[in-house]
>>> print(open('my_file06.txt').read())   # compact mmCIF, C-alpha atoms
# COMPACT_ATOMS: atom_id res chain seq x y z
CA MET A 12 10.43 17.42 -13.70
CA THR A 13 8.64 16.94 -16.95
CA GLU A 14 5.32 15.39 -16.14
CA TYR A 15 3.43 14.53 -13.00
CA SER A 16 1.37 11.39 -12.63
CA ARG A 17 -2.38 11.79 -12.38
CA ILE A 18 -2.27 10.25 -8.89
CA PRO A 19 -1.97 13.03 -6.33
CA ILE A 20 0.66 12.86 -3.59
CA ILE A 21 -0.58 14.88 -0.64
CA LYS A 22 1.58 15.96 2.27
CA ILE A 23 -0.17 16.03 5.63
CA TRP A 24 2.14 16.99 8.47
CA HIS A 25 4.88 14.37 8.60
CA LEU A 26 3.08 11.99 6.23
CA LEU A 27 2.45 11.52 2.53
CA LEU A 28 -1.01 10.40 1.47
CA VAL A 29 -1.38 8.72 -1.91
CA PRO A 30 -4.96 7.92 -2.93
CA LEU A 31 -4.49 5.29 -5.63
CA GLN A 32 -7.19 5.09 -8.26
CA GLY A 33 -8.02 3.66 -11.63
CA GLN A 34 -5.79 1.48 -13.70
CA ILE A 35 -2.11 1.57 -12.74
CA ASP A 36 -0.05 0.57 -15.77
CA ASP A 37 3.72 0.14 -15.94
CA GLN A 38 4.40 3.70 -16.99
CA LEU A 39 2.24 5.21 -14.28
CA ALA A 40 3.71 2.86 -11.68
CA GLU A 41 7.24 3.98 -12.58
CA GLN A 42 6.22 7.64 -12.53
CA LEU A 43 4.52 7.20 -9.17
CA ARG A 44 7.54 5.45 -7.71
CA GLN A 45 9.83 8.30 -8.72
CA ASP A 46 7.44 11.04 -7.63
CA ILE A 47 6.88 9.46 -4.22
CA LEU A 48 10.60 8.97 -3.53
CA HIS A 49 11.46 12.52 -4.63
CA LYS A 50 8.71 13.88 -2.44
CA ILE A 51 9.93 11.86 0.54
CA GLN A 52 13.38 13.31 0.02
CA SER A 53 12.27 16.91 -0.42
CA THR A 54 9.69 17.01 2.38
CA ASP A 55 11.38 14.85 5.02
CA VAL A 56 8.31 12.80 5.93
CA THR A 57 8.37 9.69 8.10
CA GLY A 58 5.31 7.86 6.83
CA LEU A 59 3.70 6.91 3.53
CA LEU A 60 0.00 6.13 3.39
CA MET A 61 -1.38 4.47 0.29
CA ASP A 62 -5.15 4.40 0.14
CA VAL A 63 -6.51 1.72 -2.21
CA THR A 64 -10.22 2.53 -1.81
CA GLY A 65 -10.35 3.74 -5.41
CA LEU A 66 -8.79 0.62 -6.90
CA TRP A 67 -11.05 -1.86 -8.59
CA LEU A 68 -8.44 -4.55 -8.96
CA MET A 69 -5.23 -5.60 -7.25
CA ASP A 70 -3.20 -8.21 -9.06
CA SER A 71 0.25 -9.65 -8.46
CA HIS A 72 1.84 -6.95 -10.58
CA LEU A 73 0.33 -4.11 -8.55
CA CYS A 74 1.27 -5.86 -5.30
CA SER A 75 4.88 -6.04 -6.40
CA VAL A 76 4.81 -2.36 -7.45
CA LEU A 77 3.46 -1.31 -4.04
CA SER A 78 5.96 -3.49 -2.18
CA GLY A 79 8.76 -2.04 -4.28
CA VAL A 80 7.76 1.52 -3.43
CA ALA A 81 7.50 0.56 0.24
CA ALA A 82 10.94 -1.06 0.27
CA ALA A 83 12.52 2.03 -1.29
CA ALA A 84 10.59 4.33 1.06
CA ARG A 85 11.87 2.35 4.04
CA LEU A 86 15.45 2.88 2.87
CA MET A 87 14.66 6.58 2.99
CA GLY A 88 13.28 6.36 6.49
CA ALA A 89 9.55 6.28 5.82
CA GLU A 90 7.19 3.56 6.98
CA THR A 91 4.48 2.47 4.52
CA LEU A 92 0.88 1.62 5.33
CA ILE A 93 -1.91 0.55 2.99
CA CYS A 94 -5.53 1.18 3.88
CA GLY A 95 -9.00 0.97 2.41
CA MET A 96 -8.81 -2.52 0.96
CA SER A 97 -12.23 -3.94 0.04
CA PRO A 98 -13.25 -7.38 1.36
CA GLU A 99 -13.37 -8.73 -2.21
CA ILE A 100 -9.80 -7.67 -2.93
CA ALA A 101 -8.57 -8.99 0.42
CA LEU A 102 -10.23 -12.39 -0.13
CA THR A 103 -8.87 -12.66 -3.66
CA LEU A 104 -5.32 -11.79 -2.59
CA GLN A 105 -5.56 -14.31 0.23
CA ALA A 106 -6.86 -17.05 -2.11
CA MET A 107 -4.01 -16.36 -4.50
CA GLY A 108 -1.47 -16.51 -1.72
CA LEU A 109 -0.19 -13.03 -2.53
CA GLU A 110 1.50 -11.01 0.15
CA LEU A 111 2.57 -7.43 0.49
CA PRO A 112 6.07 -7.54 1.97
CA ASN A 113 7.41 -4.31 3.55
CA VAL A 114 3.88 -2.96 3.85
CA GLY A 115 1.66 -2.64 6.90
CA THR A 116 -2.10 -2.64 6.46
CA GLU A 117 -4.96 -0.93 8.23
CA LEU A 118 -8.67 -1.13 7.63
CA SER A 119 -9.41 2.54 7.16
CA LEU A 120 -7.59 5.80 6.60
CA GLU A 121 -8.45 6.91 10.15
CA GLU A 122 -6.81 3.85 11.67
CA ALA A 123 -3.79 4.18 9.45
CA LEU A 124 -3.40 7.82 10.47
CA SER A 125 -3.61 7.04 14.14
CA ARG A 126 -1.04 4.24 13.78
CA LEU A 127 1.31 6.80 12.25
CA GLY A 128 0.71 9.19 15.11
CA VAL A 129 -2.02 11.47 13.80
CA GLY A 130 -5.28 11.68 15.71
CA VAL A 131 -8.01 13.97 16.88
CA LEU A 132 -6.99 15.82 20.01
CA GLU A 133 -10.48 15.82 21.46
CA ARG A 134 -12.99 13.68 19.69
CA ARG A 135 -15.90 16.00 20.26
CA LEU A 136 -16.27 19.31 21.95
CA ALA A 137 -18.82 19.06 24.70
CA TYR A 138 -21.63 21.36 23.65
CA ASP A 139 -24.37 21.52 26.20
CA GLY A 140 -27.21 19.38 25.02
CA GLU A 141 -26.42 19.89 21.36
CA SER A 142 -24.96 17.53 18.85
CA SER A 143 -21.42 18.55 18.15
CA LEU A 144 -21.95 17.56 14.54
CA ALA A 145 -24.66 20.16 14.13
CA ALA A 146 -22.70 22.95 15.79
CA PRO A 147 -20.36 24.82 13.46
CA PHE A 148 -16.83 25.23 14.71
CA ASP A 149 -16.28 28.66 16.20
CA PRO A 150 -12.66 29.45 17.08
CA TRP A 151 -13.78 32.31 19.37
CA ASP A 152 -16.16 30.15 21.35
CA SER A 153 -15.43 30.81 24.99
CA ARG A 154 -16.17 27.22 25.88
CA LEU A 155 -13.01 26.18 24.04
CA ASP A 156 -10.93 27.95 26.71
CA ARG A 157 -11.92 25.37 29.27
CA ARG A 158 -9.79 22.72 27.56
CA MET B 26 -48.86 -6.88 -15.64
CA VAL B 27 -46.69 -4.12 -16.97
CA SER B 28 -43.90 -6.47 -17.90
CA ARG B 29 -46.08 -8.53 -20.19
CA ASP B 30 -47.30 -5.43 -22.03
CA ALA B 31 -43.76 -4.18 -22.27
CA ARG B 32 -42.62 -7.18 -24.22
CA HIS B 33 -45.07 -6.47 -27.00
CA MET B 34 -44.00 -2.86 -27.43
CA SER B 35 -42.22 -2.07 -30.66
CA SER B 36 -38.80 -0.80 -29.53
CA PRO B 37 -36.78 -1.80 -26.46
CA HIS B 38 -36.48 1.87 -25.58
CA ALA B 39 -40.26 2.36 -25.52
CA ALA B 40 -40.70 -0.90 -23.62
CA LEU B 41 -38.20 0.24 -21.03
CA ALA B 42 -39.85 3.66 -20.69
CA ASN B 43 -43.19 1.92 -20.29
CA LEU B 44 -41.86 -0.37 -17.57
CA LEU B 45 -40.24 2.47 -15.67
CA ALA B 46 -43.33 4.67 -15.94
CA SER B 47 -45.27 2.36 -13.66
CA PHE B 48 -42.72 2.87 -10.86
CA VAL B 49 -41.59 6.49 -11.22
CA SER B 50 -42.81 9.69 -12.86
CA PRO B 51 -42.22 10.07 -16.62
CA ILE B 52 -39.57 12.75 -16.10
CA ILE B 53 -37.59 10.60 -13.70
CA ALA B 54 -38.08 7.53 -15.93
CA ASN B 55 -36.64 9.49 -18.81
CA SER B 56 -33.64 10.74 -16.88
CA ILE B 57 -32.92 7.26 -15.49
CA ILE B 58 -32.79 5.87 -19.05
CA THR B 59 -30.70 8.77 -20.33
CA ARG B 60 -28.23 8.41 -17.52
CA ALA B 61 -27.92 4.64 -17.95
CA LEU B 62 -27.40 5.07 -21.70
CA ARG B 63 -24.70 7.63 -21.11
CA GLN B 64 -22.96 5.45 -18.53
CA GLN B 65 -22.78 2.55 -20.96
CA ASN B 66 -22.09 4.70 -24.02
CA LEU B 67 -25.18 3.53 -25.86
CA ASP B 68 -27.45 5.39 -28.25
CA ALA B 69 -31.19 5.58 -27.58
CA LYS B 70 -32.08 5.38 -31.28
CA ASN B 71 -30.63 2.03 -32.27
CA LEU B 72 -30.98 0.31 -28.93
CA ASP B 73 -31.46 -3.42 -29.33
CA THR B 74 -32.61 -5.96 -26.79
CA ALA B 75 -29.06 -7.18 -26.15
CA ASP B 76 -28.16 -3.67 -24.98
CA LEU B 77 -30.81 -3.91 -22.28
CA ARG B 78 -28.73 -6.54 -20.54
CA VAL B 79 -25.83 -4.12 -20.46
CA LEU B 80 -28.08 -1.36 -19.16
CA ALA B 81 -29.75 -3.47 -16.47
CA PRO B 82 -27.25 -2.84 -13.61
CA SER B 83 -27.25 0.94 -14.17
CA LEU B 84 -31.03 1.01 -14.37
CA GLU B 85 -31.42 -1.01 -11.19
CA ALA B 86 -28.99 1.20 -9.31
CA ALA B 87 -30.92 4.30 -10.35
CA VAL B 88 -34.39 2.90 -9.71
CA LYS B 89 -33.29 1.85 -6.24
CA LEU B 90 -33.04 5.53 -5.32
CA PHE B 91 -36.66 6.23 -6.12
CA VAL B 92 -38.75 3.21 -5.19
CA GLU B 93 -39.53 1.20 -2.09
CA PRO B 94 -37.74 -2.15 -1.70
CA GLN B 95 -40.90 -4.19 -2.33
CA HIS B 96 -41.49 -2.35 -5.63
CA LEU B 97 -37.86 -2.80 -6.59
CA ARG B 98 -38.44 -6.53 -6.71
CA ALA B 99 -41.37 -6.02 -9.11
CA PHE B 100 -39.20 -3.80 -11.27
CA ARG B 101 -36.48 -6.45 -11.39
CA ALA B 102 -39.03 -9.07 -12.41
CA GLY B 103 -40.28 -6.79 -15.18
CA LEU B 104 -36.76 -6.18 -16.40
CA ASP B 105 -35.95 -9.88 -16.27
CA SER B 106 -38.93 -10.77 -18.39
CA MET B 107 -37.75 -8.23 -20.98
CA LEU B 108 -34.33 -9.86 -20.93
CA GLY B 109 -35.69 -13.38 -20.80
CA ASP B 110 -35.78 -14.07 -24.53
CA LEU B 111 -32.17 -13.11 -25.11
CA PRO B 112 -29.36 -15.53 -25.82
CA GLN B 113 -27.82 -15.79 -22.40
CA ARG B 114 -24.05 -15.66 -22.47
CA GLU B 115 -21.73 -15.50 -25.42
CA THR B 116 -18.04 -16.07 -25.81
CA VAL B 117 -15.97 -12.91 -25.81
CA ILE B 118 -12.57 -12.74 -27.47
CA LEU B 119 -10.16 -10.02 -26.41
CA ASN B 120 -7.01 -9.26 -28.36
CA VAL B 121 -4.06 -8.50 -26.13
CA LYS B 122 -0.79 -7.07 -27.33
CA THR B 123 0.01 -3.79 -25.61
CA GLU B 124 -0.51 -2.37 -22.14
CA ARG B 125 -3.36 -0.34 -23.59
CA ASP B 126 -5.09 -3.57 -24.70
CA LEU B 127 -4.70 -4.87 -21.17
CA ALA B 128 -6.66 -1.93 -19.80
CA ASP B 129 -9.33 -2.36 -22.49
CA ALA B 130 -9.58 -6.09 -21.80
CA LEU B 131 -10.12 -5.40 -18.11
CA GLY B 132 -12.79 -2.82 -18.91
CA ALA B 133 -14.58 -5.31 -21.16
CA THR B 134 -14.31 -8.03 -18.50
CA ARG B 135 -15.77 -5.73 -15.92
CA ARG B 136 -18.75 -4.81 -18.12
CA LEU B 137 -19.31 -8.48 -18.89
CA CYS B 138 -19.27 -9.42 -15.22
CA GLN B 139 -21.87 -6.73 -14.51
CA THR B 140 -24.02 -7.85 -17.42
CA TRP B 141 -23.96 -11.40 -16.11
CA ARG B 142 -24.75 -10.07 -12.63
CA LEU B 143 -21.91 -11.88 -10.91
CA SER B 144 -21.28 -11.22 -7.25
CA ARG B 145 -18.58 -8.69 -6.43
CA LEU B 146 -16.23 -11.38 -5.17
CA THR B 147 -16.68 -13.46 -8.33
CA GLN B 148 -16.17 -10.33 -10.45
CA GLN B 149 -12.97 -9.69 -8.58
CA LYS B 150 -11.71 -13.24 -9.14
CA VAL B 151 -12.60 -13.28 -12.84
CA ALA B 152 -11.01 -9.88 -13.45
CA THR B 153 -7.89 -10.82 -11.50
CA VAL B 154 -7.38 -14.01 -13.51
CA VAL B 155 -7.90 -12.09 -16.78
CA SER B 156 -5.47 -9.43 -15.58
CA GLU B 157 -2.77 -11.92 -14.61
CA LEU B 158 -2.99 -13.96 -17.80
CA ALA B 159 -3.26 -10.91 -20.07
CA ARG B 160 -0.32 -9.25 -18.35
CA ASN B 161 1.86 -12.27 -18.97
CA ILE B 162 0.97 -12.03 -22.68
CA VAL B 163 1.77 -8.30 -22.79
CA SER B 164 5.04 -8.62 -20.88
CA TYR B 165 6.56 -11.76 -22.32
CA THR B 166 5.09 -12.49 -25.76
CA PRO B 167 4.52 -10.74 -29.10
CA GLY B 168 0.76 -10.87 -28.53
CA GLY B 169 -2.22 -13.14 -28.11
CA THR B 170 -5.85 -13.41 -27.13
CA VAL B 171 -7.89 -13.90 -23.99
CA GLU B 172 -11.22 -15.64 -24.46
CA LEU B 173 -14.04 -15.63 -21.95
CA ILE B 174 -16.16 -18.71 -22.58
CA PRO B 175 -19.30 -19.36 -20.54
CA ILE B 176 -19.87 -22.91 -19.35
CA ASP B 177 -23.53 -23.84 -19.31
CA SER B 178 -23.35 -27.58 -18.76
CA GLY B 179 -23.32 -28.51 -15.08
CA PRO B 180 -22.76 -25.81 -12.47
CA PRO B 181 -22.38 -22.38 -14.14
CA GLY B 182 -18.81 -21.47 -14.80
CA LEU B 183 -16.50 -19.42 -16.93
CA LEU B 184 -13.51 -20.61 -18.89
CA VAL B 185 -10.74 -18.05 -19.33
CA ARG B 186 -8.45 -19.16 -22.13
CA ALA B 187 -5.26 -17.20 -22.80
CA SER B 188 -3.37 -18.08 -25.98
CA ASP B 189 -0.17 -16.59 -27.31
CA SER B 190 2.46 -17.30 -29.93
CA GLY B 191 5.42 -16.61 -27.67
CA SER B 192 8.32 -18.92 -27.00
CA GLY B 193 6.69 -20.82 -24.16
CA ILE B 194 7.09 -20.58 -20.38
CA PRO B 195 10.44 -21.69 -19.02
CA ASN B 196 10.48 -23.51 -15.66
CA LEU B 197 6.71 -23.93 -15.71
CA GLU B 198 6.79 -26.80 -13.25
CA GLU B 199 8.71 -24.83 -10.66
CA ILE B 200 6.29 -21.92 -11.03
CA LEU B 201 3.15 -24.00 -10.55
CA ALA B 202 4.68 -25.88 -7.62
CA GLY B 203 5.37 -22.52 -5.93
CA ARG B 204 9.11 -23.09 -5.83
CA TYR B 205 9.96 -20.34 -8.29
CA ARG B 206 11.18 -17.06 -6.85
CA SER B 207 11.84 -14.11 -9.11
CA LYS B 208 12.65 -10.46 -8.62
CA THR B 209 10.06 -9.26 -11.09
CA GLY B 210 7.10 -11.07 -9.61
CA LEU B 211 6.92 -13.24 -12.69
CA GLY B 212 5.30 -16.55 -11.86
CA LYS B 213 3.28 -15.30 -8.92
CA GLY B 214 0.44 -14.31 -11.22
CA LEU B 215 0.33 -17.73 -12.81
CA LEU B 216 0.43 -19.48 -9.46
CA GLY B 217 -2.24 -17.12 -8.07
CA SER B 218 -4.52 -17.75 -11.04
CA GLN B 219 -4.12 -21.47 -10.53
CA ARG B 220 -5.20 -21.08 -6.92
CA LEU B 221 -8.26 -19.02 -7.89
CA ALA B 222 -9.32 -21.48 -10.57
CA HIS B 223 -11.41 -24.58 -10.13
CA ARG B 224 -9.53 -26.23 -13.00
CA PHE B 225 -6.23 -24.99 -14.42
CA GLU B 226 -4.30 -26.27 -17.38
CA VAL B 227 -1.20 -25.00 -19.14
CA ARG B 228 0.08 -26.25 -22.47
CA SER B 229 3.32 -24.55 -23.31
CA GLY B 230 5.89 -25.20 -25.99
CA ARG B 231 8.22 -23.41 -28.34
CA GLY B 232 5.34 -22.44 -30.62
CA GLY B 233 3.29 -20.73 -27.94
CA THR B 234 1.27 -21.17 -24.79
CA VAL B 235 -2.38 -21.91 -24.07
CA ILE B 236 -3.60 -21.47 -20.51
CA GLU B 237 -7.09 -22.49 -19.47
CA ALA B 238 -8.51 -21.41 -16.14
CA GLU B 239 -12.01 -22.51 -15.23
CA LEU B 240 -13.84 -20.54 -12.56
CA ARG B 241 -17.08 -21.37 -10.77
CA LEU B 242 -19.62 -18.58 -10.90
>>> encode(input="my_file06.txt", output="structure tokens")
Amino acid sequence: MTEYSRIPIIKIWHLLLVPLQGQIDDQLAEQLRQDILHKIQSTDVTGLLMDVTGLWLMDSHLCSVLSGVAAAARLMGAETLICGMSPEIALTLQAMGLELPNVGTELSLEEALSRLGVGVLERRLAYDGESSLAAPFDPWDSRLDRR
Amino acid sequence: MVSRDARHMSSPHAALANLLASFVSPIIANSIITRALRQQNLDAKNLDTADLRVLAPSLEAAVKLFVEPQHLRAFRAGLDSMLGDLPQRETVILNVKTERDLADALGATRRLCQTWRLSRLTQQKVATVVSELARNIVSYTPGGTVELIPIDSGPPGLLVRASDSGSGIPNLEEILAGRYRSKTGLGKGLLGSQRLAHRFEVRSGRGGTVIEAELRL
């Protein structure tokens, strides 16, 4: 491998998370395609999550790049989901009649994760009368044993 | 009113500082200006009134953090009156030849949209049309230009005109009728731009292509 793209590819359990950001030109798209497919092969994941929150623009070219990656990923046994699309981008794509074949979509990263089988085991630990957000997590807390 | 005084100040920078000073403390006013200048890559020394229009969105975003909503409106009014005397919108010509130019053209389009205070959806549509037309030039022709021409007569609009000296678009009719299917995605961008535009016109021949897409703002 000579050079890695500036877009990180993060492995979380059986999934790959790719937070897309900035301008994605031809060269970067090609690099990303290769990196993602190699990573799928070497890590044996079953899902690919592409987060587009950081993208300012999605045009027909980018749509075809993403669909291409998804089609190749499916051949390698990984399902692809896209999440984090802004209302402006969604409306523009719809007005243009552009579609994302081979790709599923979810509103947020959380929903995409849960569709691919990752979720929080217990949403909140029941602390007596306290907000669970305020309470720091303590692995030795005896109350955890009651689960 | 502050805004009226501000207009008579000597430099735009001093006028801006004066306007801000009546809403926030001098230190914060200063840092808001510095930050906005840095964001837009402008120099405080030779700031002219046209630059204020570029700075306006950054300034507003920063001021919003420090003042109450009712004062924000007064600040906007002050800023508007400083901008009021400026020539409103000017034609912008972007040269497009390489992929790098494409990125620059999109950056310029984005700044322009913010300067003109277009809604986020309109910004998205304008930038998408520019992106599609510019990409066609980069991918299939030796080079060309994309012009952004404001339309002031009638309802406000923007004319995006993409011209190139390539060898013309084959099967144009099929593309615009939506019958064309390609592996590369070629044609979808043109069709999509047509759907986003209020008026869309393509003149293509062996000597080159001119595409005009008119968008409502």
>>> interface_residues(input="my_file06.txt", of="chain A", to="chain B", cutoff="6 Å", atoms="only C-alpha atoms", output="count of residues only")
4
>>> residues_around(input="my_file06.txt", residues="Thr170 of chain B", least_positions_apart="5", cutoff="9 Å", atoms="all atoms listed in the file", output="list in words")
Ile118, Leu119, Asn120, Val121, Lys122, Ala159, Ile162, Arg186, Ala187, Ser188 and Asp189 of chain B
>>> atom_distance(input="my_file06.txt", atom1="atom CA of His223 of chain B", atom2="atom CA of Glu239 of chain B")
5.5 Å
>>> atom_distance(input="my_file06.txt", atom1="atom CA of Leu67 of chain B", atom2="atom CA of Ile35 of chain A")
26.6 Å
>>> residues_near_point(input="my_file06.txt", point="(-3.5, 4.5, -5.3)", cutoff="9 Å", atoms="only C-alpha atoms", output="PyMOL selection string")
chain A and resi 18-19+29-33+35+61-66
>>> closest_residue(input="my_file06.txt", among="A:Gln105, A:Thr116, A:Gln52, A:Ser75", to="Gly88 of chain A", atoms="all atoms listed in the file")
A:Gln52
>>> decode(input="my_file06.txt", residues="segment 58-69 of chain B", atoms="N, CA and C atoms", output="mmCIF file, in the first residue's frame")
data_model
loop_
_atom_site.group_PDB
_atom_site.id
_atom_site.type_symbol
_atom_site.label_atom_id
_atom_site.label_comp_id
_atom_site.auth_asym_id
_atom_site.auth_seq_id
_atom_site.Cartn_x
_atom_site.Cartn_y
_atom_site.Cartn_z
ATOM 1 N N ILE B 58 -14.544 40.216 14.541
ATOM 2 C CA ILE B 58 -14.058 40.707 13.234
ATOM 3 C C ILE B 58 -12.846 39.899 12.778
ATOM 4 N N THR B 59 -11.913 39.697 13.712
ATOM 5 C CA THR B 59 -10.693 38.955 13.359
ATOM 6 C C THR B 59 -11.021 37.565 12.854
ATOM 7 N N ARG B 60 -11.940 36.918 13.574
ATOM 8 C CA ARG B 60 -12.297 35.556 13.201
ATOM 9 C C ARG B 60 -12.977 35.502 11.824
ATOM 10 N N ALA B 61 -13.884 36.466 11.599
ATOM 11 C CA ALA B 61 -14.590 36.510 10.307
ATOM 12 C C ALA B 61 -13.602 36.762 9.169
ATOM 13 N N LEU B 62 -12.643 37.672 9.423
ATOM 14 C CA LEU B 62 -11.631 37.970 8.405
ATOM 15 C C LEU B 62 -10.826 36.722 8.078
ATOM 16 N N ARG B 63 -10.448 36.007 9.136
ATOM 17 C CA ARG B 63 -9.629 34.818 8.927
ATOM 18 C C ARG B 63 -10.404 33.750 8.170
ATOM 19 N N GLN B 64 -11.694 33.597 8.525
ATOM 20 C CA GLN B 64 -12.522 32.602 7.840
ATOM 21 C C GLN B 64 -12.607 32.873 6.350
ATOM 22 N N GLN B 65 -12.688 34.148 5.987
ATOM 23 C CA GLN B 65 -12.873 34.497 4.580
ATOM 24 C C GLN B 65 -11.564 34.872 3.911
ATOM 25 N N ASN B 66 -10.448 34.712 4.642
ATOM 26 C CA ASN B 66 -9.136 35.007 4.070
ATOM 27 C C ASN B 66 -8.995 36.451 3.599
ATOM 28 N N LEU B 67 -9.484 37.370 4.422
ATOM 29 C CA LEU B 67 -9.392 38.777 4.047
ATOM 30 C C LEU B 67 -8.442 39.496 4.994
ATOM 31 N N ASP B 68 -7.929 40.641 4.536
ATOM 32 C CA ASP B 68 -6.977 41.408 5.310
ATOM 33 C C ASP B 68 -7.672 42.639 5.888
ATOM 34 N N ALA B 69 -7.441 42.907 7.167
ATOM 35 C CA ALA B 69 -8.121 44.021 7.823
ATOM 36 C C ALA B 69 -7.720 45.364 7.216
#
